[in-house]
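Undergrad: Could you have a look at this structure, given as structure tokens, before my questions?
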Amino acid sequence: MTAPAAADGTQDGTQDGTQDGTQDGTQDEAPAETQAETQAELKDFVAYCVPLTGFAAFDLYATGMARLYLDTARRQVGAARFAEFWEKWKAAVDGHGGPEKLGPTHREVARALTYLWFTGAWPRLAPDAHAELRRETANVEFVASPSAYPEGLVWRTFHGHPGGAKPPGFGTWAVKPPAMVPAAELRDDLGLPADTAYRTGLPDGVSPDAIPAHLLPGHRLSRDIPPSAVPTALAPTTPEEEPV
């Protein structure tokens, strides 16, 4: 009777104790540690997507798409190659530079990531970049998620809403959209000095008021072409005819 008692005691005291104390404790610590790393990774991703998109971190988090976009980009480019691109991009931003500091392939990845934030879709990459990245997936555009389309940043650039989703409410079409916030007011809200330089995409620093229009987020007036100014297409020709 003594031996079974000792065996039961050992199993209950040592084996169960190890499982309850050590194993369970390790399992509790591991998820917490992984969760902290995941949060830090996502925070880093959003922070360095701010200069890519021109939107504040608050707006990027508000889409609810940050984790999906990070996973999508990593899956499309490849984990190792995306990590290489990300280090290059962070170095460029930390050095007060922009996409012009990247090589052709990394610049194409930056373009695709920006496109993803604005439209919710991963675009078709340039053939050279697709080949150099050695991607095993088809080089076609696709929507990352059904919820990504209405959360595209493009709708926010002109205070609009996606067709068929997120309706603004009855009668809102009669309300004038809010005016753009002046650069001086933005500087005051952010606590930036008046002589803050803007360097992304430019060889030299300039004041926010001197930023070229094509580098500003939002709708470009230069793209407003009236239908009457669009040239009509030539009439189709037969093999015997030469176009005039």
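Numbering starts fresh at 1 for the residues of each chain in the structure tokens, the chains themselves are lettered A, B, ... in the order given, and ligands are numbered from 1 as they appear.
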Write out as number ranges by chain each polymer residue whose atoms come within 8 Å of A:Val140, counting only C-alpha atoms; drop sequence neighbours fewer than 6 positions from it.

TA: A: 123-125

Undergrad: Excluding A:Gly164 and any residue of its chain fewer than 4 positions from it, enumerate the residues within 12 Å of it, using only C-alpha atoms, and give them as a short mmCIF file (atom, residue, chain, number, x, y, z; two decimals) with C-alpha atoms, in the first residue's frame.

TA:
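Contents of the output file out-v9.cif:
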data_model
loop_
_atom_site.label_atom_id
_atom_site.label_comp_id
_atom_site.auth_asym_id
_atom_site.auth_seq_id
_atom_site.Cartn_x
_atom_site.Cartn_y
_atom_site.Cartn_z
CA PRO A 146 -14.46 43.41 -48.62
CA TYR A 149 -12.82 49.09 -50.09
CA PRO A 150 -14.96 51.43 -47.94
CA PRO A 168 -23.31 59.80 -45.31
#

Undergrad: Compare A:Val93, A:Ala47, A:Leu133, A:Leu68 by their minimum atom-to-atom distance to A:Ala80, counting only C-alpha atoms, and give me the closest one.

TA: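 Once distances to A:Ala80 are computed over only C-alpha atoms, the minimum belongs to A:Leu133.
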
Undergrad: Which of these residues is nearest to A:Trp117, using only C-alpha atoms: A:Asp71, A:Asp189, A:Glu151, A:Glu41?

TA: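 For A:Trp117, the nearest of the candidates is A:Glu151.
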
Undergrad: Nearest to A:Trp173: which of A:Asp94, A:His161, A:Arg75, A:Trp89 is it, counting only C-alpha atoms?

TA: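 Using only C-alpha atoms, the shortest distance to A:Trp173 belongs to A:His161.
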